[in-house]
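Colleague: Pasting input.csv below, which is CSV, N, CA and C atoms.
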```csv
chain,number,residue,atom,x,y,z
A,1,MET,N,27.3,7.4,27.0
A,1,MET,CA,27.7,7.6,25.6
A,1,MET,C,27.0,6.5,24.8
A,2,VAL,N,26.7,6.9,23.6
A,2,VAL,CA,26.0,6.0,22.6
A,2,VAL,C,27.0,5.1,21.9
A,3,GLU,N,26.7,3.9,21.7
A,3,GLU,CA,27.5,3.0,20.9
A,3,GLU,C,26.7,2.7,19.6
A,4,TYR,N,27.3,2.9,18.5
A,4,TYR,CA,26.6,2.6,17.2
A,4,TYR,C,26.8,1.2,16.8
A,5,LEU,N,25.7,0.6,16.3
A,5,LEU,CA,25.8,-0.8,15.8
A,5,LEU,C,25.3,-0.7,14.3
A,6,ILE,N,26.2,-1.1,13.4
A,6,ILE,CA,25.9,-1.1,12.0
A,6,ILE,C,25.5,-2.4,11.5
A,7,ASP,N,24.3,-2.5,11.0
A,7,ASP,CA,23.7,-3.8,10.4
A,7,ASP,C,23.9,-3.7,8.9
A,8,ARG,N,24.9,-4.4,8.4
A,8,ARG,CA,25.2,-4.4,7.0
A,8,ARG,C,24.1,-5.1,6.1
A,9,HIS,N,23.2,-5.7,6.8
A,9,HIS,CA,22.1,-6.4,6.0
A,9,HIS,C,20.8,-5.7,6.1
A,10,SER,N,20.8,-4.6,6.7
A,10,SER,CA,19.5,-3.9,7.0
A,10,SER,C,18.9,-3.2,5.7
A,11,GLY,N,19.7,-2.9,4.8
A,11,GLY,CA,19.3,-2.2,3.6
A,11,GLY,C,19.3,-0.7,3.8
A,12,LEU,N,19.6,-0.3,5.0
A,12,LEU,CA,19.7,1.2,5.4
A,12,LEU,C,21.2,1.5,5.4
A,13,SER,N,21.6,2.6,4.7
A,13,SER,CA,23.0,3.0,4.7
A,13,SER,C,23.6,3.2,6.1
A,14,PRO,N,24.8,2.9,6.2
A,14,PRO,CA,25.5,3.1,7.6
A,14,PRO,C,25.3,4.5,8.1
A,15,TYR,N,25.4,5.5,7.2
A,15,TYR,CA,25.3,6.9,7.7
A,15,TYR,C,23.9,7.2,8.3
A,16,LEU,N,22.9,6.6,7.6
A,16,LEU,CA,21.5,6.8,8.1
A,16,LEU,C,21.3,6.0,9.4
A,17,GLN,N,21.9,4.9,9.5
A,17,GLN,CA,21.8,4.1,10.8
A,17,GLN,C,22.4,4.9,11.9
A,18,ILE,N,23.5,5.6,11.7
A,18,ILE,CA,24.1,6.5,12.7
A,18,ILE,C,23.1,7.6,13.1
A,19,VAL,N,22.5,8.2,12.1
A,19,VAL,CA,21.6,9.3,12.3
A,19,VAL,C,20.4,8.8,13.1
A,20,GLU,N,19.8,7.7,12.7
A,20,GLU,CA,18.6,7.1,13.3
A,20,GLU,C,18.9,6.7,14.8
A,21,GLN,N,20.1,6.1,15.0
A,21,GLN,CA,20.5,5.6,16.3
A,21,GLN,C,20.7,6.8,17.2
A,22,THR,N,21.3,7.9,16.7
A,22,THR,CA,21.5,9.1,17.5
A,22,THR,C,20.1,9.7,17.9
A,23,LYS,N,19.2,9.8,16.9
A,23,LYS,CA,17.9,10.3,17.2
A,23,LYS,C,17.2,9.5,18.2
A,24,ARG,N,17.3,8.2,18.1
A,24,ARG,CA,16.7,7.3,19.1
A,24,ARG,C,17.2,7.6,20.5
A,25,ALA,N,18.6,7.7,20.6
A,25,ALA,CA,19.2,8.0,21.9
A,25,ALA,C,18.7,9.4,22.4
A,26,LEU,N,18.5,10.3,21.5
A,26,LEU,CA,18.0,11.6,21.9
A,26,LEU,C,16.5,11.5,22.4
A,27,ARG,N,15.7,10.7,21.8
A,27,ARG,CA,14.3,10.5,22.2
A,27,ARG,C,14.2,9.8,23.5
A,28,LEU,N,15.1,8.8,23.8
A,28,LEU,CA,15.1,8.0,25.0
A,28,LEU,C,15.8,8.7,26.2
A,29,GLY,N,16.4,9.9,25.9
A,29,GLY,CA,17.1,10.6,27.0
A,29,GLY,C,18.4,10.0,27.3
A,30,VAL,N,18.9,9.1,26.5
A,30,VAL,CA,20.3,8.5,26.6
A,30,VAL,C,21.3,9.6,26.4
A,31,LEU,N,21.0,10.4,25.4
A,31,LEU,CA,21.9,11.6,25.1
A,31,LEU,C,21.1,12.8,25.5
A,32,ARG,N,21.8,13.7,26.1
A,32,ARG,CA,21.2,15.0,26.5
A,32,ARG,C,22.1,16.2,26.1
A,33,PRO,N,21.5,17.4,26.1
A,33,PRO,CA,22.2,18.5,25.6
A,33,PRO,C,23.6,18.6,26.4
A,34,GLY,N,24.6,18.9,25.7
A,34,GLY,CA,26.0,19.0,26.3
A,34,GLY,C,26.8,17.7,26.2
A,35,ASP,N,26.1,16.6,26.0
A,35,ASP,CA,26.8,15.3,25.9
A,35,ASP,C,27.6,15.3,24.6
A,36,GLN,N,28.8,14.6,24.6
A,36,GLN,CA,29.6,14.5,23.5
A,36,GLN,C,29.4,13.2,22.8
A,37,LEU,N,29.2,13.2,21.4
A,37,LEU,CA,29.1,12.0,20.6
A,37,LEU,C,30.5,11.4,20.5
A,38,PRO,N,30.5,10.1,20.2
A,38,PRO,CA,31.8,9.5,20.0
A,38,PRO,C,32.6,10.2,18.9
A,39,THR,N,33.9,10.2,18.9
A,39,THR,CA,34.6,10.8,17.8
A,39,THR,C,34.5,9.9,16.6
A,40,ALA,N,34.7,10.5,15.4
A,40,ALA,CA,34.7,9.7,14.2
A,40,ALA,C,35.6,8.5,14.3
A,41,ARG,N,36.8,8.7,14.9
A,41,ARG,CA,37.8,7.7,15.0
A,41,ARG,C,37.2,6.5,15.9
A,42,GLU,N,36.6,6.9,17.0
A,42,GLU,CA,36.0,5.9,17.9
A,42,GLU,C,34.9,5.1,17.2
A,43,VAL,N,34.1,5.7,16.4
A,43,VAL,CA,33.0,5.0,15.6
A,43,VAL,C,33.6,4.1,14.6
A,44,VAL,N,34.6,4.6,13.9
A,44,VAL,CA,35.3,3.8,12.9
A,44,VAL,C,35.9,2.6,13.5
A,45,GLU,N,36.6,2.7,14.6
A,45,GLU,CA,37.2,1.6,15.3
A,45,GLU,C,36.2,0.6,15.8
A,46,ALA,N,35.0,1.0,16.2
A,46,ALA,CA,34.0,0.1,16.7
A,46,ALA,C,33.2,-0.5,15.6
A,47,THR,N,33.1,0.1,14.5
A,47,THR,CA,32.1,-0.4,13.4
A,47,THR,C,32.8,-0.8,12.1
A,48,ALA,N,34.1,-0.4,11.9
A,48,ALA,CA,34.8,-0.6,10.7
A,48,ALA,C,34.1,0.0,9.5
A,49,ILE,N,33.6,1.2,9.6
A,49,ILE,CA,33.0,1.9,8.5
A,49,ILE,C,34.0,3.1,8.2
A,50,ASN,N,33.8,3.7,7.0
A,50,ASN,CA,34.6,4.8,6.5
A,50,ASN,C,34.4,6.0,7.4
A,51,PRO,N,35.5,6.7,7.7
A,51,PRO,CA,35.4,7.9,8.5
A,51,PRO,C,34.4,9.0,7.9
A,52,ASN,N,34.5,9.0,6.5
A,52,ASN,CA,33.6,10.0,5.8
A,52,ASN,C,32.1,9.7,6.1
A,53,THR,N,31.8,8.4,6.3
A,53,THR,CA,30.4,8.0,6.6
A,53,THR,C,30.0,8.6,7.9
A,54,VAL,N,30.8,8.5,8.9
A,54,VAL,CA,30.5,9.1,10.2
A,54,VAL,C,30.4,10.6,10.1
A,55,LEU,N,31.3,11.2,9.4
A,55,LEU,CA,31.2,12.7,9.3
A,55,LEU,C,30.0,13.1,8.6
A,56,LYS,N,29.6,12.4,7.6
A,56,LYS,CA,28.3,12.7,6.8
A,56,LYS,C,27.1,12.6,7.8
A,57,ALA,N,27.1,11.6,8.6
A,57,ALA,CA,26.0,11.4,9.6
A,57,ALA,C,26.0,12.6,10.6
A,58,TYR,N,27.2,13.0,11.1
A,58,TYR,CA,27.2,14.1,12.0
A,58,TYR,C,26.9,15.4,11.4
A,59,ARG,N,27.2,15.6,10.1
A,59,ARG,CA,26.8,16.8,9.4
A,59,ARG,C,25.3,16.9,9.2
A,60,GLU,N,24.7,15.7,9.0
A,60,GLU,CA,23.2,15.6,8.8
A,60,GLU,C,22.6,16.0,10.2
A,61,LEU,N,23.1,15.5,11.3
A,61,LEU,CA,22.6,15.8,12.6
A,61,LEU,C,22.8,17.3,12.9
A,62,GLU,N,23.9,17.8,12.5
A,62,GLU,CA,24.1,19.3,12.7
A,62,GLU,C,23.2,20.1,11.8
A,63,ARG,N,22.9,19.7,10.6
A,63,ARG,CA,22.0,20.4,9.7
A,63,ARG,C,20.6,20.4,10.3
A,64,GLU,N,20.2,19.3,11.0
A,64,GLU,CA,18.9,19.3,11.6
A,64,GLU,C,18.9,20.0,13.0
A,65,GLY,N,20.0,20.6,13.4
A,65,GLY,CA,20.0,21.4,14.6
A,65,GLY,C,20.1,20.5,15.9
A,66,LEU,N,20.5,19.3,15.8
A,66,LEU,CA,20.5,18.4,16.9
A,66,LEU,C,21.9,18.4,17.6
A,67,VAL,N,23.0,18.6,16.9
A,67,VAL,CA,24.3,18.6,17.4
A,67,VAL,C,25.1,19.8,16.9
A,68,ASP,N,26.2,20.1,17.6
A,68,ASP,CA,27.1,21.2,17.2
A,68,ASP,C,28.5,20.5,17.1
A,69,SER,N,29.2,20.7,15.9
A,69,SER,CA,30.5,20.2,15.8
A,69,SER,C,31.5,21.4,16.1
A,70,ARG,N,32.5,21.1,16.9
A,70,ARG,CA,33.5,22.1,17.3
A,70,ARG,C,34.8,21.5,16.8
A,71,ARG,N,35.4,22.1,15.8
A,71,ARG,CA,36.6,21.7,15.2
A,71,ARG,C,37.7,21.4,16.3
A,72,GLY,N,38.3,20.3,16.3
A,72,GLY,CA,39.3,19.9,17.2
A,72,GLY,C,38.9,19.5,18.6
A,73,VAL,N,37.6,19.7,18.9
A,73,VAL,CA,37.1,19.4,20.2
A,73,VAL,C,36.1,18.2,20.2
A,74,GLY,N,35.2,18.2,19.2
A,74,GLY,CA,34.2,17.1,19.1
A,74,GLY,C,32.9,17.6,18.7
A,75,THR,N,31.9,16.6,18.7
A,75,THR,CA,30.5,16.9,18.4
A,75,THR,C,29.7,16.7,19.6
A,76,PHE,N,28.9,17.8,19.9
A,76,PHE,CA,28.1,17.8,21.1
A,76,PHE,C,26.6,18.0,20.8
A,77,VAL,N,25.8,17.3,21.7
A,77,VAL,CA,24.4,17.4,21.6
A,77,VAL,C,23.9,18.8,21.9
A,78,ARG,N,23.1,19.4,21.0
A,78,ARG,CA,22.6,20.7,21.1
A,78,ARG,C,21.2,20.7,21.8
A,79,ARG,N,20.4,19.7,21.3
A,79,ARG,CA,19.0,19.7,21.9
A,79,ARG,C,18.5,18.2,22.0
A,80,SER,N,17.6,18.0,22.9
A,80,SER,CA,17.0,16.7,23.1
A,80,SER,C,15.8,16.5,22.4
A,81,LEU,N,15.4,15.3,22.1
A,81,LEU,CA,14.1,15.0,21.5
A,81,LEU,C,13.2,14.2,22.5
A,82,ALA,N,13.8,14.1,23.7
A,82,ALA,CA,13.1,13.3,24.8
A,82,ALA,C,11.8,14.0,25.3
A,83,LYS,N,10.8,13.2,25.5
A,83,LYS,CA,9.6,13.6,26.2
A,83,LYS,C,9.5,12.7,27.5
A,84,PRO,N,8.9,13.2,28.5
A,84,PRO,CA,8.9,12.4,29.7
A,84,PRO,C,8.4,11.0,29.5
A,85,GLU,N,7.5,10.7,28.6
A,85,GLU,CA,7.0,9.4,28.4
A,85,GLU,C,7.9,8.5,27.6
A,86,THR,N,8.9,9.1,26.9
A,86,THR,CA,9.8,8.3,26.1
A,86,THR,C,11.1,7.9,26.7
A,87,VAL,N,11.5,8.5,27.8
A,87,VAL,CA,12.8,8.1,28.4
A,87,VAL,C,12.8,6.7,28.9
A,88,ALA,N,14.0,6.1,28.9
A,88,ALA,CA,14.1,4.7,29.1
A,88,ALA,C,13.5,4.1,30.4
A,89,ASP,N,13.4,5.0,31.4
A,89,ASP,CA,12.9,4.5,32.6
A,89,ASP,C,11.4,4.9,32.9
A,90,SER,N,10.7,5.3,31.8
A,90,SER,CA,9.3,5.7,32.0
A,90,SER,C,8.4,4.5,32.1
A,91,ALA,N,7.2,4.7,32.6
A,91,ALA,CA,6.2,3.7,32.8
A,91,ALA,C,5.9,3.1,31.4
A,92,LEU,N,5.7,3.9,30.4
A,92,LEU,CA,5.3,3.4,29.1
A,92,LEU,C,6.5,2.5,28.5
A,93,HIS,N,7.7,2.9,28.7
A,93,HIS,CA,8.8,2.1,28.2
A,93,HIS,C,8.9,0.8,28.9
A,94,GLU,N,8.7,0.8,30.2
A,94,GLU,CA,8.7,-0.5,31.0
A,94,GLU,C,7.5,-1.4,30.6
A,95,SER,N,6.4,-0.8,30.4
A,95,SER,CA,5.2,-1.6,30.0
A,95,SER,C,5.5,-2.3,28.6
A,96,LEU,N,6.0,-1.5,27.7
A,96,LEU,CA,6.4,-2.1,26.4
A,96,LEU,C,7.4,-3.2,26.5
A,97,ALA,N,8.5,-2.9,27.3
A,97,ALA,CA,9.5,-3.9,27.5
A,97,ALA,C,8.9,-5.2,28.1
A,98,ASP,N,8.0,-5.1,29.1
A,98,ASP,CA,7.3,-6.2,29.6
A,98,ASP,C,6.5,-7.0,28.5
A,99,TRP,N,5.9,-6.3,27.7
A,99,TRP,CA,5.1,-6.9,26.6
A,99,TRP,C,6.1,-7.7,25.7
A,100,VAL,N,7.2,-7.1,25.3
A,100,VAL,CA,8.2,-7.7,24.5
A,100,VAL,C,8.7,-9.0,25.1
A,101,ARG,N,8.9,-9.0,26.4
A,101,ARG,CA,9.4,-10.2,27.1
A,101,ARG,C,8.3,-11.3,27.1
A,102,GLN,N,7.0,-10.9,27.2
A,102,GLN,CA,5.9,-11.8,27.1
A,102,GLN,C,5.8,-12.4,25.7
A,103,ALA,N,6.0,-11.6,24.7
A,103,ALA,CA,6.0,-12.0,23.3
A,103,ALA,C,7.1,-13.1,23.1
A,104,ARG,N,8.3,-12.8,23.6
A,104,ARG,CA,9.4,-13.7,23.4
A,104,ARG,C,9.1,-15.0,24.1
A,105,ALA,N,8.6,-14.9,25.4
A,105,ALA,CA,8.2,-16.1,26.1
A,105,ALA,C,7.2,-16.9,25.4
A,106,ALA,N,6.3,-16.3,24.6
A,106,ALA,CA,5.3,-17.0,23.9
A,106,ALA,C,5.8,-17.6,22.6
A,107,GLY,N,7.1,-17.4,22.3
A,107,GLY,CA,7.7,-18.0,21.2
A,107,GLY,C,7.8,-17.1,19.9
A,108,LEU,N,7.5,-15.9,20.1
A,108,LEU,CA,7.6,-15.0,18.9
A,108,LEU,C,9.0,-14.5,18.7
A,109,ASP,N,9.5,-14.4,17.5
A,109,ASP,CA,10.8,-13.9,17.2
A,109,ASP,C,10.7,-12.4,16.9
A,110,ARG,N,11.9,-11.8,16.7
A,110,ARG,CA,11.9,-10.3,16.5
A,110,ARG,C,11.1,-9.9,15.3
A,111,GLU,N,11.1,-10.7,14.2
A,111,GLU,CA,10.3,-10.3,13.0
A,111,GLU,C,8.8,-10.3,13.3
A,112,ASP,N,8.4,-11.3,14.1
A,112,ASP,CA,6.9,-11.4,14.5
A,112,ASP,C,6.5,-10.2,15.4
A,113,VAL,N,7.4,-9.8,16.3
A,113,VAL,CA,7.1,-8.7,17.2
A,113,VAL,C,7.1,-7.4,16.3
A,114,GLU,N,8.1,-7.2,15.4
A,114,GLU,CA,8.1,-6.1,14.6
A,114,GLU,C,6.8,-6.0,13.7
A,115,ALA,N,6.3,-7.1,13.2
A,115,ALA,CA,5.1,-7.1,12.4
A,115,ALA,C,3.9,-6.6,13.3
A,116,ILE,N,3.8,-7.1,14.5
A,116,ILE,CA,2.7,-6.8,15.4
A,116,ILE,C,2.8,-5.3,15.7
A,117,VAL,N,4.0,-4.8,16.1
A,117,VAL,CA,4.2,-3.4,16.5
A,117,VAL,C,3.9,-2.5,15.3
A,118,SER,N,4.4,-2.9,14.1
A,118,SER,CA,4.2,-2.0,12.9
A,118,SER,C,2.7,-1.9,12.6
A,119,THR,N,2.0,-3.0,12.7
A,119,THR,CA,0.6,-3.0,12.4
A,119,THR,C,-0.1,-2.1,13.4
A,120,ALA,N,0.2,-2.2,14.7
A,120,ALA,CA,-0.4,-1.4,15.8
A,120,ALA,C,-0.1,0.1,15.6
A,121,LEU,N,1.2,0.4,15.2
A,121,LEU,CA,1.5,1.8,14.9
A,121,LEU,C,0.7,2.3,13.7
A,122,ASP,N,0.6,1.5,12.7
A,122,ASP,CA,-0.1,2.0,11.5
A,122,ASP,C,-1.6,2.3,11.8
A,123,SER,N,-2.2,1.4,12.6
A,123,SER,CA,-3.6,1.6,13.0
A,123,SER,C,-3.7,2.7,14.0
A,124,GLY,N,-2.8,2.8,14.9
A,124,GLY,CA,-2.9,3.8,16.0
A,124,GLY,C,-2.6,5.2,15.5
A,125,PHE,N,-1.8,5.4,14.5
A,125,PHE,CA,-1.5,6.7,13.9
A,125,PHE,C,-2.2,7.0,12.6
A,126,ALA,N,-3.1,6.2,12.2
A,126,ALA,CA,-3.8,6.4,11.0
A,126,ALA,C,-4.6,7.7,11.1
A,127,ALA,N,-4.8,8.4,10.0
A,127,ALA,CA,-5.6,9.6,10.1
A,127,ALA,C,-7.0,9.3,10.4
A,128,PRO,N,-7.6,10.1,11.3
A,128,PRO,CA,-9.0,9.9,11.7
A,128,PRO,C,-9.9,9.7,10.4
A,129,GLY,N,-10.8,8.7,10.5
A,129,GLY,CA,-11.7,8.5,9.4
A,129,GLY,C,-11.2,7.7,8.3
A,130,THR,N,-10.0,7.2,8.4
A,130,THR,CA,-9.4,6.4,7.3
A,130,THR,C,-9.4,4.9,7.6
```
With the file now loaded, output its structure as structure tokens.
Modeller:
Amino acid sequence: MVEYLIDRHSGLSPYLQIVEQTKRALRLGVLRPGDQLPTAREVVEATAINPNTVLKAYRELEREGLVDSRRGVGTFVRRSLAKPETVADSALHESLADWVRQARAAGLDREDVEAIVSTALDSGFAAPGT
């Protein structure tokens, strides 16, 4: 099951944080079709956010075709976003995790690592010829 962590200083609204964290779990294979998302009540108890915020996030995920809400039963994963290379135990994931550990051992903090990764992503996914 996924546990939502709300960063009140991120600048991203709590409902979008839930949407993004759910999509990340779908991409990593943590959530799979048929899995049940935490109930709105469970998310509220764990994060101290408004129940309507959770429901708004779940409606967005349903609108995108990722989950199905069943009144009185819960919200269930409809489809996965995982690719073999993105699951948490893949070789690519392990390689990146090793690199992050090396970066931390070299004295880099999270913001340093995010800057390096962001720059690498920007150059790696830039349109050809730009």
Colleague: DSSP on the backbone: what in stretch 58-115 of chain A comes out helix (DSSP H, G or I), as a list in words?
Modeller: Tyr58, Arg59, Glu60, Leu61, Glu62, Arg63, Ala91, Leu92, His93, Glu94, Ser95, Leu96, Ala97, Asp98, Trp99, Val100, Arg101, Gln102, Ala103, Arg104, Ala105, Arg110, Glu111, Asp112, Val113, Glu114 and Ala115 of chain A
Colleague: How would the residues just picked look written out with N, CA and C atoms as a compact mmCIF listing (two decimals), keeping the file's coordinate frame?
Modeller:
```txt
# COMPACT_ATOMS: atom_id res chain seq x y z
N TYR A 58 27.20 13.00 11.10
CA TYR A 58 27.20 14.10 12.00
C TYR A 58 26.90 15.40 11.40
N ARG A 59 27.20 15.60 10.10
CA ARG A 59 26.80 16.80 9.40
C ARG A 59 25.30 16.90 9.20
N GLU A 60 24.70 15.70 9.00
CA GLU A 60 23.20 15.60 8.80
C GLU A 60 22.60 16.00 10.20
N LEU A 61 23.10 15.50 11.30
CA LEU A 61 22.60 15.80 12.60
C LEU A 61 22.80 17.30 12.90
N GLU A 62 23.90 17.80 12.50
CA GLU A 62 24.10 19.30 12.70
C GLU A 62 23.20 20.10 11.80
N ARG A 63 22.90 19.70 10.60
CA ARG A 63 22.00 20.40 9.70
C ARG A 63 20.60 20.40 10.30
N ALA A 91 7.20 4.70 32.60
CA ALA A 91 6.20 3.70 32.80
C ALA A 91 5.90 3.10 31.40
N LEU A 92 5.70 3.90 30.40
CA LEU A 92 5.30 3.40 29.10
C LEU A 92 6.50 2.50 28.50
N HIS A 93 7.70 2.90 28.70
CA HIS A 93 8.80 2.10 28.20
C HIS A 93 8.90 0.80 28.90
N GLU A 94 8.70 0.80 30.20
CA GLU A 94 8.70 -0.50 31.00
C GLU A 94 7.50 -1.40 30.60
N SER A 95 6.40 -0.80 30.40
CA SER A 95 5.20 -1.60 30.00
C SER A 95 5.50 -2.30 28.60
N LEU A 96 6.00 -1.50 27.70
CA LEU A 96 6.40 -2.10 26.40
C LEU A 96 7.40 -3.20 26.50
N ALA A 97 8.50 -2.90 27.30
CA ALA A 97 9.50 -3.90 27.50
C ALA A 97 8.90 -5.20 28.10
N ASP A 98 8.00 -5.10 29.10
CA ASP A 98 7.30 -6.20 29.60
C ASP A 98 6.50 -7.00 28.50
N TRP A 99 5.90 -6.30 27.70
CA TRP A 99 5.10 -6.90 26.60
C TRP A 99 6.10 -7.70 25.70
N VAL A 100 7.20 -7.10 25.30
CA VAL A 100 8.20 -7.70 24.50
C VAL A 100 8.70 -9.00 25.10
N ARG A 101 8.90 -9.00 26.40
CA ARG A 101 9.40 -10.20 27.10
C ARG A 101 8.30 -11.30 27.10
N GLN A 102 7.00 -10.90 27.20
CA GLN A 102 5.90 -11.80 27.10
C GLN A 102 5.80 -12.40 25.70
N ALA A 103 6.00 -11.60 24.70
CA ALA A 103 6.00 -12.00 23.30
C ALA A 103 7.10 -13.10 23.10
N ARG A 104 8.30 -12.80 23.60
CA ARG A 104 9.40 -13.70 23.40
C ARG A 104 9.10 -15.00 24.10
N ALA A 105 8.60 -14.90 25.40
CA ALA A 105 8.20 -16.10 26.10
C ALA A 105 7.20 -16.90 25.40
N ARG A 110 11.90 -11.80 16.70
CA ARG A 110 11.90 -10.30 16.50
C ARG A 110 11.10 -9.90 15.30
N GLU A 111 11.10 -10.70 14.20
CA GLU A 111 10.30 -10.30 13.00
C GLU A 111 8.80 -10.30 13.30
N ASP A 112 8.40 -11.30 14.10
CA ASP A 112 6.90 -11.40 14.50
C ASP A 112 6.50 -10.20 15.40
N VAL A 113 7.40 -9.80 16.30
CA VAL A 113 7.10 -8.70 17.20
C VAL A 113 7.10 -7.40 16.30
N GLU A 114 8.10 -7.20 15.40
CA GLU A 114 8.10 -6.10 14.60
C GLU A 114 6.80 -6.00 13.70
N ALA A 115 6.30 -7.10 13.20
CA ALA A 115 5.10 -7.10 12.40
C ALA A 115 3.90 -6.60 13.30
```
Colleague: Could you pull the residues within 8 Å of stretch 47-61 of chain A, counting only N, CA and C atoms, minus those fewer than 6 positions along the same chain, as a list in words?
Modeller: Tyr4, Leu5, Ile6, Pro14, Tyr15, Leu16, Gln17, Ile18, Val19, Glu20, Thr39, Ala40, Arg41, Val67, Asp68, Ser69 and Thr75 of chain A
Colleague: To test your reading of the structure, identify every residue in chain A that backbone DSSP assigns to strand (DSSP E or B), and report it as a list of chain:residue names.
Modeller: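 For chain A, the strand (DSSP E or B) set is A:Gln36, A:Val67, A:Asp68, A:Ser69, A:Arg70, A:Gly74, A:Thr75, A:Phe76, A:Val77.
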Colleague: Expressed in Å to a single decimal, how great is the separation between atom N of A:Gly107 and atom C of A:Ser123?
Modeller: 24.3 Å
Colleague: Between atom CA of A:Asp122 and atom N of A:Arg79, what is the distance in Å, rounded to a tenth?
Modeller: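 Computing it gives 28.8 Å between the two atoms.
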Colleague: Rounded to one decimal place, report the atom CA of A:Arg110-atom C of A:Val87 distance in Å.
Modeller: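 Between these atoms lies a distance of 21.1 Å.
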Colleague: Could stretch 45-108 of chain A be written out with C-alpha atoms, as a compact mmCIF listing (two decimals), in the first residue's frame, please?
Modeller:
```
# COMPACT_ATOMS: atom_id res chain seq x y z
CA GLU A 45 -5.49 10.59 9.57
CA ALA A 46 -1.93 10.14 8.25
CA THR A 47 -1.51 13.59 6.70
CA ALA A 48 -3.95 15.93 8.48
CA ILE A 49 -5.34 17.28 5.21
CA ASN A 50 -8.96 17.94 4.31
CA PRO A 51 -10.95 14.89 3.13
CA ASN A 52 -12.14 16.87 0.10
CA THR A 53 -8.50 17.26 -0.95
CA VAL A 54 -8.05 13.49 -1.01
CA LEU A 55 -11.30 12.99 -2.89
CA LYS A 56 -10.27 15.64 -5.44
CA ALA A 57 -6.98 13.78 -6.03
CA TYR A 58 -8.76 10.46 -6.40
CA ARG A 59 -11.27 12.01 -8.86
CA GLU A 60 -8.34 13.34 -10.93
CA LEU A 61 -6.77 9.87 -10.99
CA GLU A 62 -10.11 8.40 -12.00
CA ARG A 63 -10.53 11.01 -14.74
CA GLU A 64 -7.12 9.96 -16.09
CA GLY A 65 -8.26 6.33 -16.16
CA LEU A 66 -5.79 5.16 -13.54
CA VAL A 67 -8.20 4.18 -10.78
CA ASP A 68 -11.84 3.22 -10.29
CA SER A 69 -13.86 4.41 -7.32
CA ARG A 70 -16.50 2.03 -6.01
CA ARG A 71 -18.95 3.72 -3.68
CA GLY A 72 -18.81 2.17 -0.24
CA VAL A 73 -15.98 -0.17 -1.21
CA GLY A 74 -12.94 1.99 -2.05
CA THR A 75 -10.69 3.18 -4.82
CA PHE A 76 -8.81 0.58 -6.85
CA VAL A 77 -5.98 0.74 -9.36
CA ARG A 78 -7.26 0.23 -12.89
CA ARG A 79 -4.00 0.24 -14.82
CA SER A 80 -0.27 0.38 -14.22
CA LEU A 81 2.26 2.84 -15.56
CA ALA A 82 5.19 0.53 -14.82
CA LYS A 83 7.68 -0.53 -17.45
CA PRO A 84 10.16 -3.32 -16.71
CA GLU A 85 12.98 -0.79 -16.45
CA THR A 86 11.17 1.44 -13.94
CA VAL A 87 10.17 -1.05 -11.24
CA ALA A 88 11.90 -0.59 -7.92
CA ASP A 89 14.04 -3.73 -8.22
CA SER A 90 15.23 -3.13 -11.81
CA ALA A 91 18.90 -2.81 -12.71
CA LEU A 92 18.42 0.83 -13.74
CA HIS A 93 16.77 1.68 -10.43
CA GLU A 94 19.56 -0.01 -8.49
CA SER A 95 22.21 1.77 -10.56
CA LEU A 96 20.63 5.15 -9.87
CA ALA A 97 20.23 4.33 -6.16
CA ASP A 98 23.96 3.46 -6.05
CA TRP A 99 24.80 6.77 -7.73
CA VAL A 100 22.68 8.67 -5.18
CA ARG A 101 24.50 6.92 -2.33
CA GLN A 102 27.83 7.90 -3.91
CA ALA A 103 26.66 11.50 -4.25
CA ARG A 104 25.65 11.60 -0.58
CA ALA A 105 28.98 10.04 0.43
CA ALA A 106 30.71 12.77 -1.57
CA GLY A 107 28.93 15.37 0.57
CA LEU A 108 26.16 16.42 -1.82
```
